[in-house]
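For reference, the structure is listed below as structure tokens.
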Number of protein chains: 2
Amino acid sequence: MKCRKCGEKAVINMRQHKLALCKTHFLDWIPGQTQRFIEKYRMFGPQERVLVAVSGGKDSLSLWDILWRLGYQADGLYIGLGIDGGLNYSSESQRLTQIFAEQRDLKLHIVNVLENYGETIPEMAQRTTRGKGKPCSVCGLTKRHIMNRIAREGAYDVLVTGHNLDDEAAVLFGNTLNWIPGYLVRQGPVLEANRPGLVRKAKPLCRIYEREMAAYALMRGIEYIYDECPYAEGSKSIYYKELLNKLEADRPGAKLSFYLSFLQAKKNGLFAQAADPDIELLHTCPTCGQPTSAPGECAFCRMTVKIVE
Amino acid sequence: MKCRKCGEKAVINMRQHKLALCKTHFLDWIPGQTQRFIEKYRMFGPQERVLVAVSGGKDSLSLWDILWRLGYQADGLYIGLGIDGGLNYSSESQRLTQIFAEQRDLKLHIVNVLENYGETIPEMAQRTTRGKGKPCSVCGLTKRHIMNRIAREGAYDVLVTGHNLDDEAAVLFGNTLNWIPGYLVRQGPVLEANRPGLVRKAKPLCRIYEREMAAYALMRGIEYIYDECPYAEGSKSIYYKELLNKLEADRPGAKLSFYLSFLQAKKNGLFAQAADPDIELLHTCPTCGQPTSAPGECAFCRMTVKIVE
């Protein structure tokens with residue numbers, strides 16, 4: 001198989017795009033695609049300040065690398081969750097993220113959950129009833145809160161995450177299997193900051209396959225944490241990814257077409273305006289100032305305040 | 001495993017309902033459920049005249065049997081498609097349907113496509129470009145046309161089909177994978193006759209698993225055609241059914257929950273009114289009088305008129 005651009009030996013064949021590329025052209029192609037999606041979905045412009053949520057994994061570090069190469073003003077945010085799982089998961093991912101930032105002379109914010117809120121994520125999960133023993137729900141709530149807080153405190157214009165196509169397709173698949181109106185209506189490459197106190201969110205990699213992101217990180221020589229979060233094992237999202245991988249193997253491009261036809265149907269007005277739950281975010285948390293759906297403290301402050309008391 | 005109702009030995013265990021039943025109670029339970037769904041979705045009442053589209057398969061014959069036992073005024077409609085496939089598919093299914101109707105002294109309309117329109121379905125498919133060599137598209141168009149025609153000519157209040165939960169979930173899955181707005185908005189247990197010339201359609205078995213319908217037909221001693229249509233092999237709907245079966249095996253009830261959460265989301269107003277393509281059926285075919293989306297003859301009349309010329 002030869003590179004479509006130069007005829008040299010190809011290192012990757014993307015069946016869904018009918019495109020094979022050599023290393024040089026693949027490492028060019030991924031940032032080019034990312035730039036295209038940033039513009040197409042109006043995620044942010046070169047004048048805007050971008051905060052990249054980095055976990056130390058292949059997707060977020062590659063995204064940061066790509067934005068840096070594309071010339072965007074992108075700082076990083078690493079959240080120390082205090083997850084060990086027998087493999088020093090959090091400390092190892094933080095170490096790799098710091099090395100990455102130092103190598104490129106990039107600014108990295110670090111927020112340690114234990115230091116800031118008195119407990120690690122697994123400890124919080126054990127104490128609260130949220131998530132039935134699994135820390136994933138507590139972790140998601142905490143990350144959303146901190147990401148929005150740091151973005152606001154630093155006056156960033158947009159918060160970006162490294163969600164790739166496989167992530168987005170799996171989320172969409174889950175939301176579709178259960179037909180959760182609010183999630184369906186809100187899912188997309190950009191979530192506008194349509195309430196005071198909320199920052200715009202964007203996913204520049206949402207149309208790039210996970211396999212391509214792994215190839216990018218490897219070819220670019222980015223050192224990232226290979227392990228999944230130890231709590232991810234047996235998760236629904238991994239199950240949905242496997243199912244979609246089976247579909248993709250039988251029909252190359254199925255994942256992409258699932259996601260793109262969803263975006264198209266949404267753009268064409270499939271969903272009713274009233275189905276958007278954002279209209280519920282009418283209140284402001286008196287403790288943190290972030291929007292919340294009910295009067296009084298938001299879910300995050302209610303969860304963490306107990307420790308401070 | 002014992003029958004929940006009487007404690008006798010159960011013959012079927014329905015994991016998704018956490019319900020095991022003996023033969024007697026299962027043969028009671030299926031019509032009871034059907035009656036419940038007929039009422040819940042306001043499909044039709046005891047005063048209304050029902051036309052059952054019967055193919056000779058387990059679902060449609062069982063449905064007819066159930067409606068007869070429930071005391072509804074249900075006549076049958078068998079459409080002779082002229083499909084052989086090396087197994088006398090059409091003639092054998094017609095023979096079984098006729099035996100079924102005679103045994104119960106039920107009225108059966110028979111429409112033979114070859115006699116009425118000059119060609120069998122496979123011949124029509126070969127002549128036209130519709131469906132790229134596969135007769136399924138031509139067959140669907142023809143059946144929809146004839147079912148509506150006979151229902152109108154016979155002044156039936158409602159046309160019912162034997163689509164079971166697996167059928168409906170597979171259709172929904174396909175429509176979701178491709179996010180086809182029109183199909184999504186219209187799918188449901190009842191399709192109202194909201195245009196002149198259209199008859200109401202209903203699917204009383206839409207919440208009953210295929211496996212349960214097969215068990216019903218067997219236990220009731222209904223002789224039906226076991227073979228799938230020879231053209232169904234390799235079809236998307238069978239592929240989607242297999243995928244959903246895998247999901248169901250891992251999470252009993254997944255198929256039902258997928259379908260029910262869709263219906264609930266739709267009822268709660270997920271979809272925009274404007275996404276309903278029924279508003280496009282503004283024209284009347286000058287040849288057959290059925291509604292059509294464009295001025296002039298409908299797709300069926302355009303397809304068949306060529307033979308008559």
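By convention in this document, the chains of the structure tokens carry letters A, B, ... by their order, each chain's residues are numbered from 1, and ligands are numbered from 1 in the order they are shown.
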
What residues in chain A have any atom no more than 7 Å from chain B when counting only C-alpha atoms, and can you write them as a list in words? Leu177, Asn178, Trp179, Pro181, Phe258, Ser261, Phe262, Ala265, Gly269, Leu270, Phe271, Ala272 and Ala275 of chain A

Just-selected residues, C-alpha atoms written as a compact mmCIF listing (two decimals), in the first residue's frame:
```txt
# COMPACT_ATOMS: atom_id res chain seq x y z
CA LEU A 177 -30.25 3.08 23.30
CA ASN A 178 -31.87 4.85 26.23
CA TRP A 179 -33.29 7.78 24.25
CA PRO A 181 -33.65 13.58 25.23
CA PHE A 258 -23.64 7.26 12.61
CA SER A 261 -25.91 11.66 10.17
CA PHE A 262 -26.89 12.49 13.75
CA ALA A 265 -30.42 15.46 11.39
CA GLY A 269 -34.23 20.48 12.91
CA LEU A 270 -35.07 16.93 14.00
CA PHE A 271 -35.28 17.85 17.66
CA ALA A 272 -37.82 20.17 19.24
CA ALA A 275 -36.31 19.30 24.47
```

May I have all residues of range 122-226 of chain A that DSSP, computed from the backbone, assigns to helix (DSSP H, G or I), given as a count of residues only? 54

One decimal, Å: what's the distance from CA of Ala155 in chain A over to CA of Glu48 in chain A, could you say? 10.2 Å

Which of these residues is nearest to Ala170 in chain B, using only C-alpha atoms: B:Lys241, B:Arg104, B:Arg251, B:Lys134?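 Ranking B:Lys241, B:Arg104, B:Arg251, B:Lys134 by distance to Ala170 in chain B, first place goes to B:Lys241.
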
So how far away is CA of Arg211 in chain B from CA of Leu51 in chain B, in Å?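 Separation between CA of Leu51 in chain B and CA of Arg211 in chain B: 24.4 Å.
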
If we count only C-alpha atoms, what is near range 14-24 of chain A at a cut-off of 6 Å, once residues fewer than 3 positions away on the same chain are taken out, given as a ChimeraX atom specification? /A:3-4,9-11,27,252-253

Would you export the selected residues with C-alpha atoms as an mmCIF file, in the first residue's frame, please?
```cif
data_model
loop_
_atom_site.group_PDB
_atom_site.id
_atom_site.type_symbol
_atom_site.label_atom_id
_atom_site.label_comp_id
_atom_site.auth_asym_id
_atom_site.auth_seq_id
_atom_site.Cartn_x
_atom_site.Cartn_y
_atom_site.Cartn_z
ATOM 1 C CA CYS A 3 0.873 6.888 0.335
ATOM 2 C CA ARG A 4 -1.803 8.729 -1.638
ATOM 3 C CA LYS A 9 5.287 3.207 1.598
ATOM 4 C CA ALA A 10 2.105 3.892 3.591
ATOM 5 C CA VAL A 11 2.113 3.281 7.362
ATOM 6 C CA LEU A 27 1.408 13.589 10.766
ATOM 7 C CA PRO A 252 -16.105 0.536 7.345
ATOM 8 C CA GLY A 253 -17.208 4.082 8.047
#
```

Can you tell me, as a ChimeraX atom specification, what residues are no more than 8 Å from Ile146 in chain B when counting only C-alpha atoms, ignoring any on the same chain fewer than 3 positions away? /B:79,111,142-143,149-150
